[in-house]
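**Student:** See query.cif below, with mmCIF, C-alpha atoms.
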```cif
data_work
#
loop_
_atom_site.label_atom_id
_atom_site.label_comp_id
_atom_site.auth_asym_id
_atom_site.auth_seq_id
_atom_site.Cartn_x
_atom_site.Cartn_y
_atom_site.Cartn_z
CA MET G 1 -0.89 11.41 32.95
CA LEU G 2 -2.57 8.01 32.73
CA ASP G 3 -5.21 9.50 30.44
CA ASP G 4 -2.50 10.84 28.15
CA LEU G 5 -0.79 7.44 28.03
CA PHE G 6 -4.11 5.77 27.26
CA ALA G 7 -4.73 8.27 24.45
CA LEU G 8 -1.24 7.67 23.07
CA LEU G 9 -1.16 3.89 23.22
CA VAL G 10 -4.71 2.56 23.14
CA PHE G 11 -7.38 5.01 22.01
CA PRO G 12 -7.44 6.97 19.73
CA GLY G 13 -3.70 6.71 18.99
CA GLY G 14 -1.71 3.48 18.96
CA LEU G 15 -3.62 0.23 19.06
CA PHE G 16 -7.03 1.49 17.96
CA VAL G 17 -5.80 3.35 14.92
CA VAL G 18 -3.52 0.49 13.84
CA VAL G 19 -6.37 -2.02 14.05
CA CYS G 20 -8.66 0.45 12.26
CA GLY G 21 -6.05 0.89 9.55
CA LEU G 22 -5.79 -2.86 9.00
CA VAL G 23 -9.58 -3.24 8.85
CA TYR G 24 -10.01 -0.33 6.44
CA MET G 25 -7.20 -1.62 4.22
CA TRP G 26 -8.92 -5.00 4.12
CA LEU G 27 -12.27 -3.36 3.29
CA ASN G 28 -10.61 -1.40 0.50
CA ARG G 29 -9.02 -4.53 -0.98
CA LYS G 30 -12.16 -6.62 -0.52
CA LEU G 31 -14.37 -4.01 -2.20
CA ILE G 32 -11.96 -3.70 -5.12
CA ALA G 33 -11.99 -7.47 -5.46
CA ARG G 34 -15.77 -7.66 -5.39
CA LEU G 35 -15.99 -4.88 -7.99
CA GLN G 36 -13.63 -6.92 -10.18
CA ASN G 37 -15.85 -9.99 -9.72
CA ARG G 38 -13.31 -11.71 -7.47
CA ILE G 39 -13.70 -13.14 -3.99
CA GLY G 40 -10.94 -11.04 -2.51
CA PRO G 41 -8.67 -11.37 0.52
CA ARG G 42 -9.73 -12.84 3.84
CA TRP G 43 -10.43 -10.47 6.74
CA PHE G 44 -7.06 -10.96 8.43
CA GLN G 45 -5.02 -10.49 5.25
CA PRO G 46 -3.45 -7.07 6.02
CA ALA G 47 -2.64 -8.24 9.57
CA ALA G 48 -0.98 -11.40 8.23
CA ASP G 49 0.96 -9.35 5.66
CA THR G 50 2.21 -6.95 8.33
CA MET G 51 3.21 -9.68 10.77
CA LYS G 52 5.03 -11.59 8.08
CA LEU G 53 6.91 -8.47 6.97
CA LEU G 54 7.86 -7.72 10.58
CA GLY G 55 9.30 -11.22 10.87
CA ASN G 56 11.25 -11.11 7.63
CA GLU G 57 14.89 -10.19 7.28
CA GLU G 58 15.53 -6.50 6.68
CA ILE G 59 18.11 -6.07 3.94
CA MET G 60 20.05 -2.85 3.78
CA PRO G 61 21.37 -2.12 0.28
CA ALA G 62 25.07 -1.33 -0.04
CA GLY G 63 25.97 2.33 0.22
CA VAL G 64 22.91 3.70 2.02
CA ASP G 65 23.11 5.71 5.22
CA PRO G 66 22.09 3.17 7.91
CA VAL G 67 20.68 5.80 10.27
CA LEU G 68 18.46 7.45 7.67
CA PHE G 69 17.45 4.07 6.22
CA HIS G 70 15.96 3.05 9.58
CA LEU G 71 14.78 6.53 10.55
CA PHE G 72 12.53 7.25 7.55
CA PRO G 73 10.00 4.43 8.11
CA LEU G 74 9.93 5.24 11.83
CA LEU G 75 9.23 8.91 11.12
CA ALA G 76 6.51 8.01 8.63
CA ALA G 77 4.77 5.78 11.17
CA ALA G 78 5.29 8.34 13.95
CA GLY G 79 3.76 11.10 11.81
CA ALA G 80 0.69 9.03 11.00
CA LEU G 81 0.25 7.89 14.62
CA THR G 82 0.63 11.43 15.96
CA ALA G 83 -1.92 12.77 13.49
CA ALA G 84 -4.41 10.26 14.96
CA LEU G 85 -4.43 12.23 18.21
CA TYR G 86 -5.80 15.39 16.62
CA VAL G 87 -8.69 14.00 14.58
CA PRO G 88 -12.11 12.80 15.78
CA LEU G 89 -11.36 9.11 15.24
CA GLY G 90 -14.35 6.82 15.65
CA GLY G 91 -16.69 9.75 16.17
CA VAL G 92 -15.14 10.72 19.50
CA ASN G 93 -13.74 14.19 20.12
CA PRO G 94 -9.99 14.43 19.41
CA ALA G 95 -7.69 13.50 22.30
CA PHE G 96 -5.73 16.72 22.00
CA SER G 97 -6.82 20.03 20.54
CA PHE G 98 -5.23 23.44 20.14
CA GLU G 99 -5.51 26.47 17.89
CA GLY G 100 -4.22 25.46 14.45
CA ASP G 101 -4.34 21.69 14.90
CA LEU G 102 -5.88 21.27 11.45
CA ILE G 103 -2.70 22.52 9.79
CA VAL G 104 -0.54 20.37 12.08
CA THR G 105 -2.59 17.29 11.21
CA ILE G 106 -2.31 17.87 7.47
CA THR G 107 1.43 18.43 7.81
CA LEU G 108 1.83 15.23 9.81
CA LEU G 109 -0.15 13.35 7.17
CA GLY G 110 2.16 14.72 4.50
CA LEU G 111 5.13 13.27 6.38
CA LEU G 112 4.44 9.75 5.07
CA THR G 113 4.70 10.81 1.43
CA LEU G 114 7.77 12.91 2.14
CA MET G 115 9.46 10.05 3.98
CA THR G 116 8.59 7.61 1.19
CA GLY G 117 10.19 9.95 -1.32
CA LEU G 118 13.30 10.45 0.79
CA ALA G 119 13.57 6.72 1.50
CA GLY G 120 13.44 6.01 -2.21
CA SER G 121 16.20 8.49 -2.97
CA LEU G 122 18.53 6.90 -0.41
CA SER G 123 19.73 4.00 -2.54
CA ALA G 124 21.16 4.08 -6.04
CA ASP G 125 18.49 1.71 -7.33
CA ARG G 126 17.05 3.22 -10.50
CA PHE G 127 13.47 2.11 -9.85
CA ALA G 128 13.53 3.51 -6.34
CA LEU G 129 14.95 6.78 -7.68
CA VAL G 130 12.29 7.12 -10.38
CA GLY G 131 9.65 6.23 -7.80
CA ALA G 132 11.02 8.77 -5.32
CA ASN G 133 11.09 11.43 -8.01
CA ARG G 134 7.46 10.70 -8.86
CA THR G 135 6.39 10.53 -5.21
CA LEU G 136 7.85 13.94 -4.46
CA THR G 137 6.50 15.42 -7.70
CA GLN G 138 3.06 14.15 -6.78
CA LEU G 139 3.45 15.48 -3.24
CA PHE G 140 4.07 18.96 -4.59
CA SER G 141 1.11 18.72 -6.93
CA TYR G 142 -1.71 17.46 -4.69
CA GLU G 143 -0.65 18.82 -1.30
CA VAL G 144 -1.55 22.48 -1.88
CA PRO G 145 -5.02 21.90 -3.40
CA PHE G 146 -5.74 19.28 -0.71
CA LEU G 147 -4.78 21.74 2.03
CA LEU G 148 -6.91 24.48 0.43
CA ALA G 149 -9.82 22.06 0.12
CA LEU G 150 -9.69 21.35 3.84
CA LEU G 151 -9.31 25.07 4.53
CA GLY G 152 -12.73 25.80 2.99
CA PRO G 153 -14.68 24.57 6.03
CA ALA G 154 -12.13 26.21 8.35
CA LEU G 155 -12.55 29.53 6.57
CA ALA G 156 -16.33 29.26 6.73
CA ALA G 157 -16.11 28.59 10.47
CA GLY G 158 -13.48 31.27 11.08
CA SER G 159 -11.22 28.98 13.09
CA TRP G 160 -8.17 26.77 12.61
CA GLN G 161 -9.11 24.40 15.38
CA LEU G 162 -10.81 21.19 14.27
CA GLN G 163 -13.11 20.97 17.28
CA GLU G 164 -14.25 24.58 16.89
CA ILE G 165 -14.83 24.14 13.16
CA LEU G 166 -17.03 21.13 13.80
CA ALA G 167 -18.88 22.91 16.58
CA SER G 168 -19.44 25.97 14.42
CA HIS G 169 -20.92 23.93 11.57
CA GLY G 170 -23.06 22.01 14.02
CA GLY G 171 -23.79 18.98 11.87
CA ARG G 172 -24.48 20.79 8.61
CA TRP G 173 -23.35 18.90 5.54
CA LEU G 174 -20.77 21.14 3.91
CA LEU G 175 -20.78 18.81 0.94
CA ILE G 176 -23.90 20.68 -0.24
CA MET G 177 -22.47 24.15 0.33
CA GLN G 178 -18.92 23.48 -0.88
CA PRO G 179 -19.19 20.71 -3.46
CA ILE G 180 -16.01 21.68 -5.35
CA GLY G 181 -13.96 21.59 -2.17
CA PHE G 182 -15.36 18.16 -1.36
CA VAL G 183 -14.41 16.74 -4.76
CA VAL G 184 -10.89 18.14 -4.49
CA ALA G 185 -10.54 16.76 -0.96
CA ILE G 186 -11.62 13.28 -2.10
CA LEU G 187 -9.23 13.31 -5.03
CA GLY G 188 -6.50 14.71 -2.78
CA LEU G 189 -7.04 11.73 -0.50
CA LEU G 190 -6.59 9.39 -3.46
CA GLY G 191 -3.39 11.23 -4.39
CA LYS G 192 -2.11 11.11 -0.82
CA LEU G 193 -2.70 7.37 -0.56
CA GLU G 194 -1.27 6.74 -4.04
CA LEU G 195 -4.38 4.90 -5.16
CA HIS G 196 -5.70 4.75 -8.72
CA PRO G 197 -5.70 7.02 -10.72
CA PHE G 198 -2.77 8.62 -8.86
CA ASP G 199 -0.59 5.55 -8.36
CA ALA G 200 2.12 6.49 -10.86
CA PRO G 201 4.67 6.73 -7.96
CA GLU G 202 4.45 3.02 -7.19
CA ALA G 203 3.26 1.70 -10.57
CA ASN G 204 3.91 -2.01 -10.10
CA THR G 205 3.96 -2.83 -13.78
CA GLU G 206 6.54 -0.23 -14.78
CA ILE G 207 8.84 0.74 -11.92
CA VAL G 208 8.74 -2.42 -9.76
CA ALA G 209 7.49 -0.95 -6.48
CA GLY G 210 8.42 2.69 -6.75
CA ALA G 211 10.25 4.38 -3.92
CA LEU G 212 9.96 1.36 -1.62
CA THR G 213 11.64 -1.05 -4.05
CA GLU G 214 14.69 -1.50 -1.80
CA TYR G 215 12.76 -1.82 1.46
CA SER G 216 12.07 -5.21 2.99
CA GLY G 217 11.02 -6.57 6.36
CA ARG G 218 10.40 -4.10 9.15
CA GLY G 219 10.82 -0.89 7.14
CA LEU G 220 8.31 -2.05 4.54
CA ALA G 221 5.90 -3.16 7.27
CA LEU G 222 6.04 0.29 8.88
CA PHE G 223 5.32 2.02 5.56
CA TYR G 224 2.50 -0.47 4.92
CA LEU G 225 0.96 0.22 8.33
CA SER G 226 1.33 3.98 7.99
CA ARG G 227 -0.54 3.80 4.69
CA GLY G 228 -3.46 2.11 6.46
CA ILE G 229 -3.44 4.61 9.32
CA GLU G 230 -3.34 7.43 6.82
CA LEU G 231 -6.37 5.96 5.05
CA VAL G 232 -8.36 6.02 8.30
CA ILE G 233 -7.26 9.52 9.29
CA GLY G 234 -7.89 10.94 5.82
CA LEU G 235 -11.39 9.46 5.70
CA THR G 236 -12.06 10.73 9.23
CA LEU G 237 -10.90 14.25 8.38
CA VAL G 238 -12.89 14.55 5.17
CA SER G 239 -16.08 13.06 6.59
CA ALA G 240 -15.84 15.21 9.72
CA LEU G 241 -15.34 18.39 7.73
CA TYR G 242 -17.65 17.76 4.79
CA LEU G 243 -20.18 15.13 5.81
CA GLY G 244 -21.82 16.85 8.74
CA GLY G 245 -19.41 16.66 11.66
CA ILE G 246 -19.18 13.85 14.17
CA GLY G 247 -22.72 13.04 15.29
CA SER G 248 -22.93 9.71 17.05
CA PRO G 249 -20.04 7.21 16.68
CA LEU G 250 -22.27 4.85 14.74
CA ALA G 251 -23.39 7.51 12.27
CA PHE G 252 -19.78 8.61 11.90
CA LEU G 253 -18.65 5.05 11.19
CA ALA G 254 -21.34 4.82 8.50
CA LYS G 255 -20.09 8.09 6.97
CA THR G 256 -16.45 7.01 6.82
CA LEU G 257 -17.43 3.63 5.39
CA GLY G 258 -19.59 5.35 2.77
CA LEU G 259 -16.67 7.58 1.87
CA LEU G 260 -14.41 4.51 1.66
CA LEU G 261 -16.89 2.91 -0.73
CA GLY G 262 -16.82 6.12 -2.77
CA ILE G 263 -13.05 6.28 -3.12
CA THR G 264 -12.92 2.55 -3.81
CA LEU G 265 -15.39 3.02 -6.65
CA ILE G 266 -13.21 5.77 -8.12
CA GLU G 267 -10.15 3.58 -7.64
CA ALA G 268 -11.76 0.62 -9.40
CA LEU G 269 -13.05 2.76 -12.26
CA MET G 270 -9.94 4.73 -13.12
CA THR G 271 -6.72 3.75 -14.79
CA ARG G 272 -3.33 5.13 -13.93
CA LEU G 273 -2.48 8.68 -14.97
CA ARG G 274 1.02 9.49 -16.15
CA ILE G 275 2.91 11.68 -13.71
CA ASP G 276 2.77 14.71 -16.04
CA GLN G 277 -0.99 14.22 -16.41
CA THR G 278 -1.28 14.07 -12.63
CA VAL G 279 0.65 17.30 -12.21
CA SER G 280 -1.28 19.16 -14.90
CA LEU G 281 -4.60 17.90 -13.51
CA TRP G 282 -3.73 19.22 -10.06
CA TRP G 283 -2.16 22.51 -11.03
CA ARG G 284 -4.31 23.46 -14.02
CA LEU G 285 -7.67 22.20 -12.88
CA MET G 286 -7.88 21.29 -9.21
CA SER G 287 -5.97 24.21 -7.72
CA VAL G 288 -8.00 26.69 -9.80
CA ALA G 289 -11.25 24.96 -8.84
CA VAL G 290 -10.42 24.99 -5.16
CA LEU G 291 -9.37 28.65 -5.33
CA VAL G 292 -12.75 29.45 -6.89
CA GLN G 293 -14.36 27.55 -4.03
CA LEU G 294 -12.39 29.54 -1.45
CA LEU G 295 -13.32 32.77 -3.23
CA ILE G 296 -17.00 31.84 -3.00
CA VAL G 297 -16.61 31.05 0.69
CA VAL G 298 -14.87 34.37 1.32
CA ILE G 299 -17.45 36.39 -0.65
CA VAL G 300 -20.56 34.67 0.65
CA GLY G 301 -19.09 34.66 4.14
CA ARG G 302 -19.83 32.10 6.74
CA ILE G 303 -21.97 29.63 4.86
CA MET T 1 6.11 -15.68 18.64
CA GLU T 2 7.11 -18.50 16.32
CA PRO T 3 3.59 -20.02 15.75
CA ILE T 4 2.16 -16.56 14.95
CA LEU T 5 4.98 -15.88 12.52
CA THR T 6 4.50 -19.25 10.84
CA TRP T 7 0.77 -18.55 10.56
CA ALA T 8 1.49 -15.15 8.99
CA ARG T 9 3.98 -16.69 6.54
CA VAL T 10 1.54 -19.37 5.49
CA ASN T 11 -1.28 -16.90 4.96
CA SER T 12 0.64 -14.16 3.23
CA ILE T 13 2.74 -15.35 0.32
CA TRP T 14 4.19 -12.66 -1.89
CA ALA T 15 5.70 -14.06 -5.05
CA VAL T 16 8.10 -12.71 -7.61
CA HIS T 17 8.10 -14.28 -11.03
CA PHE T 18 11.30 -14.98 -12.96
CA ASN T 19 11.66 -16.48 -16.42
CA SER T 20 15.04 -18.18 -16.60
CA GLY T 21 14.70 -19.31 -20.21
CA SER T 22 11.20 -20.66 -20.55
CA CYS T 23 9.28 -20.88 -23.82
CA ASN T 24 6.66 -18.55 -22.21
CA GLY T 25 4.10 -21.33 -21.87
CA CYS T 26 4.42 -21.56 -18.09
CA ASP T 27 4.52 -17.76 -17.79
CA ILE T 28 1.17 -17.50 -19.54
CA GLU T 29 -0.26 -20.08 -17.15
CA ILE T 30 1.13 -18.14 -14.17
CA LEU T 31 -0.50 -14.98 -15.48
CA SER T 32 -3.76 -16.91 -15.89
CA THR T 33 -3.45 -17.97 -12.27
CA LEU T 34 -3.38 -14.30 -11.27
CA THR T 35 -6.56 -13.41 -13.16
CA PRO T 36 -9.89 -12.79 -11.37
CA TYR T 37 -11.12 -16.25 -12.43
CA TYR T 38 -8.69 -18.01 -10.09
CA ASP T 39 -8.17 -15.02 -7.76
CA VAL T 40 -5.19 -16.12 -5.66
CA GLU T 41 -5.53 -13.02 -3.48
CA ARG T 42 -8.21 -14.93 -1.56
CA LEU T 43 -5.41 -17.26 -0.42
CA GLY T 44 -3.11 -14.39 0.45
CA ILE T 45 -0.90 -14.86 -2.61
CA GLU T 46 0.16 -11.68 -4.34
CA LEU T 47 2.56 -10.97 -7.17
CA ARG T 48 5.10 -8.31 -6.21
CA GLY T 49 7.44 -6.47 -8.49
CA SER T 50 10.43 -6.27 -6.21
CA PRO T 51 12.35 -9.35 -4.99
CA ARG T 52 12.95 -7.43 -1.75
CA HIS T 53 9.23 -7.72 -0.97
CA ALA T 54 8.83 -11.32 -2.06
CA ASP T 55 8.83 -14.60 -0.13
CA VAL T 56 8.60 -17.02 -3.02
CA LEU T 57 10.65 -16.97 -6.20
CA VAL T 58 8.60 -18.56 -8.96
CA VAL T 59 10.99 -19.76 -11.65
CA THR T 60 9.93 -21.04 -15.06
CA GLY T 61 12.09 -22.70 -17.66
CA ALA T 62 15.50 -24.34 -17.88
CA VAL T 63 18.27 -22.01 -16.72
CA THR T 64 20.24 -20.57 -19.62
CA ARG T 65 23.80 -19.26 -19.41
CA GLN T 66 22.44 -15.74 -19.84
CA ALA T 67 19.89 -16.10 -17.05
CA ARG T 68 22.08 -18.00 -14.56
CA ASP T 69 23.76 -15.04 -12.84
CA ARG T 70 20.58 -13.01 -12.85
CA LEU T 71 18.63 -15.85 -11.24
CA LEU T 72 21.23 -16.21 -8.49
CA ARG T 73 21.33 -12.46 -7.98
CA ILE T 74 17.55 -12.13 -7.68
CA HIS T 75 17.48 -15.00 -5.21
CA ALA T 76 20.20 -13.29 -3.19
CA GLN T 77 18.17 -10.07 -3.17
CA MET T 78 15.23 -11.72 -1.42
CA PRO T 79 14.93 -11.41 2.36
CA ASP T 80 15.05 -14.56 4.50
CA PRO T 81 13.11 -16.83 4.52
CA ALA T 82 13.08 -17.07 0.72
CA PHE T 83 11.39 -20.05 -0.90
CA VAL T 84 11.89 -21.22 -4.46
CA MET T 85 9.15 -22.74 -6.57
CA ALA T 86 10.01 -24.37 -9.88
CA VAL T 87 7.09 -24.31 -12.30
CA GLY T 88 7.05 -26.57 -15.35
CA THR T 89 8.99 -29.57 -16.54
CA CYS T 90 11.90 -27.47 -17.86
CA ALA T 91 12.46 -25.75 -14.51
CA ILE T 92 12.40 -29.10 -12.74
CA GLY T 93 14.62 -31.15 -15.02
CA GLY T 94 15.49 -29.22 -18.14
CA GLY T 95 12.67 -30.68 -20.25
CA VAL T 96 13.19 -30.53 -23.99
CA PHE T 97 15.99 -28.01 -23.51
CA GLN T 98 18.06 -30.50 -21.53
CA GLY T 99 21.65 -30.57 -22.81
CA CYS T 100 21.27 -27.59 -25.13
CA TYR T 101 24.48 -25.66 -25.75
CA ASN T 102 23.10 -22.58 -23.99
CA VAL T 103 21.47 -24.34 -21.02
CA VAL T 104 23.23 -24.66 -17.66
CA GLY T 105 20.67 -27.04 -16.20
CA SER T 106 17.54 -27.09 -14.11
CA VAL T 107 16.71 -24.70 -11.27
CA SER T 108 17.55 -27.31 -8.65
CA ASP T 109 21.15 -27.40 -9.93
CA LEU T 110 21.57 -23.79 -8.76
CA LEU T 111 19.07 -23.15 -5.96
CA PRO T 112 17.34 -25.21 -3.26
CA VAL T 113 13.88 -25.84 -4.73
CA ASP T 114 11.17 -25.99 -2.08
CA MET T 115 8.29 -26.91 -4.34
CA ALA T 116 8.12 -28.25 -7.88
CA VAL T 117 5.04 -28.06 -10.08
CA PRO T 118 5.33 -30.46 -13.03
CA GLY T 119 3.51 -29.98 -16.32
CA CYS T 120 4.16 -28.65 -19.76
CA PRO T 121 2.76 -26.19 -18.99
CA PRO T 122 1.04 -26.85 -15.63
CA ARG T 123 -2.55 -25.65 -15.49
CA PRO T 124 -3.41 -22.76 -13.12
CA ALA T 125 -5.13 -25.24 -10.81
CA ALA T 126 -1.87 -27.20 -10.58
CA ILE T 127 0.06 -24.03 -9.78
CA ILE T 128 -2.42 -23.17 -7.02
CA ALA T 129 -2.08 -26.74 -5.72
CA GLY T 130 1.69 -26.21 -5.70
CA PHE T 131 1.25 -23.06 -3.63
CA ALA T 132 -1.05 -24.92 -1.25
CA ALA T 133 1.54 -27.69 -0.87
CA LEU T 134 4.22 -25.07 -0.23
CA MET T 135 2.01 -23.49 2.45
CA GLU T 136 1.62 -26.90 4.05
CA ARG T 137 5.40 -27.35 4.07
CA ILE T 138 5.90 -23.90 5.61
CA ARG T 139 3.30 -24.74 8.25
CA LYS T 140 5.21 -27.90 9.15
CA GLY T 141 8.47 -25.95 9.10
CA GLU T 142 10.03 -28.25 6.51
CA PRO T 143 11.85 -25.89 4.15
CA ALA T 144 14.59 -23.42 5.12
#
```
Would you kindly transcribe this structure into structure tokens?

**Tutor:**
Amino acid sequence: MLDDLFALLVFPGGLFVVVCGLVYMWLNRKLIARLQNRIGPRWFQPAADTMKLLGNEEIMPAGVDPVLFHLFPLLAAAGALTAALYVPLGGVNPAFSFEGDLIVTITLLGLLTLMTGLAGSLSADRFALVGANRTLTQLFSYEVPFLLALLGPALAAGSWQLQEILASHGGRWLLIMQPIGFVVAILGLLGKLELHPFDAPEANTEIVAGALTEYSGRGLALFYLSRGIELVIGLTLVSALYLGGIGSPLAFLAKTLGLLLGITLIEALMTRLRIDQTVSLWWRLMSVAVLVQLLIVVIVGRI
Amino acid sequence: MEPILTWARVNSIWAVHFNSGSCNGCDIEILSTLTPYYDVERLGIELRGSPRHADVLVVTGAVTRQARDRLLRIHAQMPDPAFVMAVGTCAIGGGVFQGCYNVVGSVSDLLPVDMAVPGCPPRPAAIIAGFAALMERIRKGEPA
């Protein structure tokens, strides 16, 4: 009972993952800044942003459903925090594990994007509506290839349980055996987090702030935090599945940080894709590529 | 809670930029302020698109009849505490557009201005100094 509470509130869920999310968000912003020859934000910047947003007034636009308006950010944060319990955060075995937890985790991660889209479609604001439309369109384009990319290792291990998959691979780097799946998973992560080049849903310079245009104060803070948590969990999942399992916590930390550097490099290099380009990239190229990868895994067997 | 909140507000300033009838000179300087050379993100200042996310409304130019209602509406859309920063001589006192047939007046005629940055146009360094002075005022709890 006490162990469960500890897992829920302190480690790996709750406090630990929130702090991790803030640190990783800062690292992401700092790296981008350094790559752009800037100094970049100070180490406490995401924490200060979140606290300030939590203290700000929360404005509810006229005509929205008050229950749903407050429920969506809560559900997004709850989904991200729950997903933290099923992944090997910080190189420690997941707090809870059952047959099929990989699928549950991916579904819970998808909740943030879904909630962002629904939150944007609540109000009649045109920017929020366009943003919501794009968010949901993007959700339907990257989610299936991303899921299939994470299924590659599961298929090779013959299990749907994260812990068993990792045990079955025993520290082998699947990046070498399933390179296409790895690339799709990385790009899927970028799409999930709405980073460049897949940031058409929140394109600051064209549609204000996308689906979250009408959110302020607490709701915005919760979405902001969930984004950070999602960054940590996504990096954890991909490095656990593709970069040789858990290993020691220190080695695992190095792997996730290396992966963060990788996606930050992509983010800094790329410009924004239009939403139709995003969709055609995912459905014409990525989904076919990942299906080829799955076919190879099925034919070659347990590689 | 209050000291932590004040600290967070000082260190995380999200601004929204509004041109209420400026000649574009000040706007260009504000954009220069946001470039990597000056890099205001290191001070926690960020330009946001939506007034709902912003803490500081950065207004440039004398307020024209066309812009008046929009300026008031955008200010009303911002969550509390919302600060107003007037950038440039025209925003502060009307400048050369003072008394024009289409000009209502300066920003301070319509909104409570928390910080004014004079200049025609003010250099990016002056705008950053204005932000720093605004942070100092927020720290002391002067505005609002």

**Student:** Which chain T residues are at most 7 Å from chain G (counting all atoms listed in the file), as a list of chain:residue names?

**Tutor:**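 Listing them in order of chain and number gives T:Leu5, T:Ala8, T:Arg9, T:Asn11, T:Ser12, T:Pro36, T:Asp39, T:Glu41, T:Arg42, T:Leu43, T:Gly44, T:Gly49, T:Ser50, T:Arg52, T:His53, T:Pro79, T:Asp80, T:Pro81.
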
**Student:** Could you tell me, as a list in words, exactly which residues end up selected when the PyMOL selection byres ((chain G and resi 151) around 9) is applied to this structure?

**Tutor:**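 Written out, the selection comes to Leu102, Ile103, Phe146, Leu147, Leu148, Ala149, Leu150, Gly152, Pro153, Ala154, Leu155, Ala156, Trp160, Gly181 and Leu294 of chain G.
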
**Student:** Hey, which of G:Gly247, G:Gly219, G:Gly63, G:Gly117 ends up closest to Asn93 of chain G? Count only C-alpha atoms.

**Tutor:** G:Gly247

**Student:** Between atom CA of Asp109 of chain T and atom CA of Gly141 of chain T, what is the spacing in Å?

**Tutor:**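 That distance, rounded to one decimal, is 22.9 Å.
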
**Student:** Any idea what the distance is between atom CA of Thr82 of chain G and atom CA of His70 of chain G?

**Tutor:** 18.6 Å

**Student:** As a check of understanding, name the residues that the PyMOL selection byres ((chain G and resi 262) around 12) selects in the supplied structure, as a ChimeraX atom specification.

**Tutor:** /G:28,31-32,183,186-187,189-190,235,239,255-261,263-269

**Student:** Find the residue from T:Gly21, T:Gly130, T:Gly94, T:Gly88 that sits nearest to Gln66 of chain T; use only C-alpha atoms when measuring.

**Tutor:**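 Checking each candidate against Gln66 of chain T, we get T:Gly21 as the closest.
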
**Student:** Please write as a PDB file with C-alpha atoms, keeping the file's coordinate frame the full residue list that the PyMOL selection byres ((chain G and resi 274-290) around 10) yields on this file.

**Tutor:**
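Output file expr.pdb is given in full below:
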```pdb
ATOM      1  CA  ASN G 133      11.090  11.430  -8.010  1.00  0.00           C
ATOM      2  CA  ARG G 134       7.460  10.700  -8.860  1.00  0.00           C
ATOM      3  CA  THR G 135       6.390  10.530  -5.210  1.00  0.00           C
ATOM      4  CA  THR G 137       6.500  15.420  -7.700  1.00  0.00           C
ATOM      5  CA  GLN G 138       3.060  14.150  -6.780  1.00  0.00           C
ATOM      6  CA  LEU G 139       3.450  15.480  -3.240  1.00  0.00           C
ATOM      7  CA  PHE G 140       4.070  18.960  -4.590  1.00  0.00           C
ATOM      8  CA  SER G 141       1.110  18.720  -6.930  1.00  0.00           C
ATOM      9  CA  TYR G 142      -1.710  17.460  -4.690  1.00  0.00           C
ATOM     10  CA  GLU G 143      -0.650  18.820  -1.300  1.00  0.00           C
ATOM     11  CA  VAL G 144      -1.550  22.480  -1.880  1.00  0.00           C
ATOM     12  CA  PRO G 145      -5.020  21.900  -3.400  1.00  0.00           C
ATOM     13  CA  PHE G 146      -5.740  19.280  -0.710  1.00  0.00           C
ATOM     14  CA  LEU G 147      -4.780  21.740   2.030  1.00  0.00           C
ATOM     15  CA  LEU G 148      -6.910  24.480   0.430  1.00  0.00           C
ATOM     16  CA  ALA G 149      -9.820  22.060   0.120  1.00  0.00           C
ATOM     17  CA  LEU G 150      -9.690  21.350   3.840  1.00  0.00           C
ATOM     18  CA  LEU G 151      -9.310  25.070   4.530  1.00  0.00           C
ATOM     19  CA  GLY G 152     -12.730  25.800   2.990  1.00  0.00           C
ATOM     20  CA  GLN G 178     -18.920  23.480  -0.880  1.00  0.00           C
ATOM     21  CA  PRO G 179     -19.190  20.710  -3.460  1.00  0.00           C
ATOM     22  CA  ILE G 180     -16.010  21.680  -5.350  1.00  0.00           C
ATOM     23  CA  GLY G 181     -13.960  21.590  -2.170  1.00  0.00           C
ATOM     24  CA  PHE G 182     -15.360  18.160  -1.360  1.00  0.00           C
ATOM     25  CA  VAL G 183     -14.410  16.740  -4.760  1.00  0.00           C
ATOM     26  CA  VAL G 184     -10.890  18.140  -4.490  1.00  0.00           C
ATOM     27  CA  ALA G 185     -10.540  16.760  -0.960  1.00  0.00           C
ATOM     28  CA  LEU G 187      -9.230  13.310  -5.030  1.00  0.00           C
ATOM     29  CA  GLY G 188      -6.500  14.710  -2.780  1.00  0.00           C
ATOM     30  CA  GLY G 191      -3.390  11.230  -4.390  1.00  0.00           C
ATOM     31  CA  PRO G 197      -5.700   7.020 -10.720  1.00  0.00           C
ATOM     32  CA  PHE G 198      -2.770   8.620  -8.860  1.00  0.00           C
ATOM     33  CA  ASP G 199      -0.590   5.550  -8.360  1.00  0.00           C
ATOM     34  CA  ALA G 200       2.120   6.490 -10.860  1.00  0.00           C
ATOM     35  CA  PRO G 201       4.670   6.730  -7.960  1.00  0.00           C
ATOM     36  CA  ALA G 203       3.260   1.700 -10.570  1.00  0.00           C
ATOM     37  CA  THR G 271      -6.720   3.750 -14.790  1.00  0.00           C
ATOM     38  CA  ARG G 272      -3.330   5.130 -13.930  1.00  0.00           C
ATOM     39  CA  LEU G 273      -2.480   8.680 -14.970  1.00  0.00           C
ATOM     40  CA  LEU G 291      -9.370  28.650  -5.330  1.00  0.00           C
ATOM     41  CA  VAL G 292     -12.750  29.450  -6.890  1.00  0.00           C
ATOM     42  CA  GLN G 293     -14.360  27.550  -4.030  1.00  0.00           C
ATOM     43  CA  LEU G 294     -12.390  29.540  -1.450  1.00  0.00           C
ATOM     44  CA  LEU G 295     -13.320  32.770  -3.230  1.00  0.00           C
ATOM     45  CA  ILE G 296     -17.000  31.840  -3.000  1.00  0.00           C
TER      46      ILE G 296
END
```
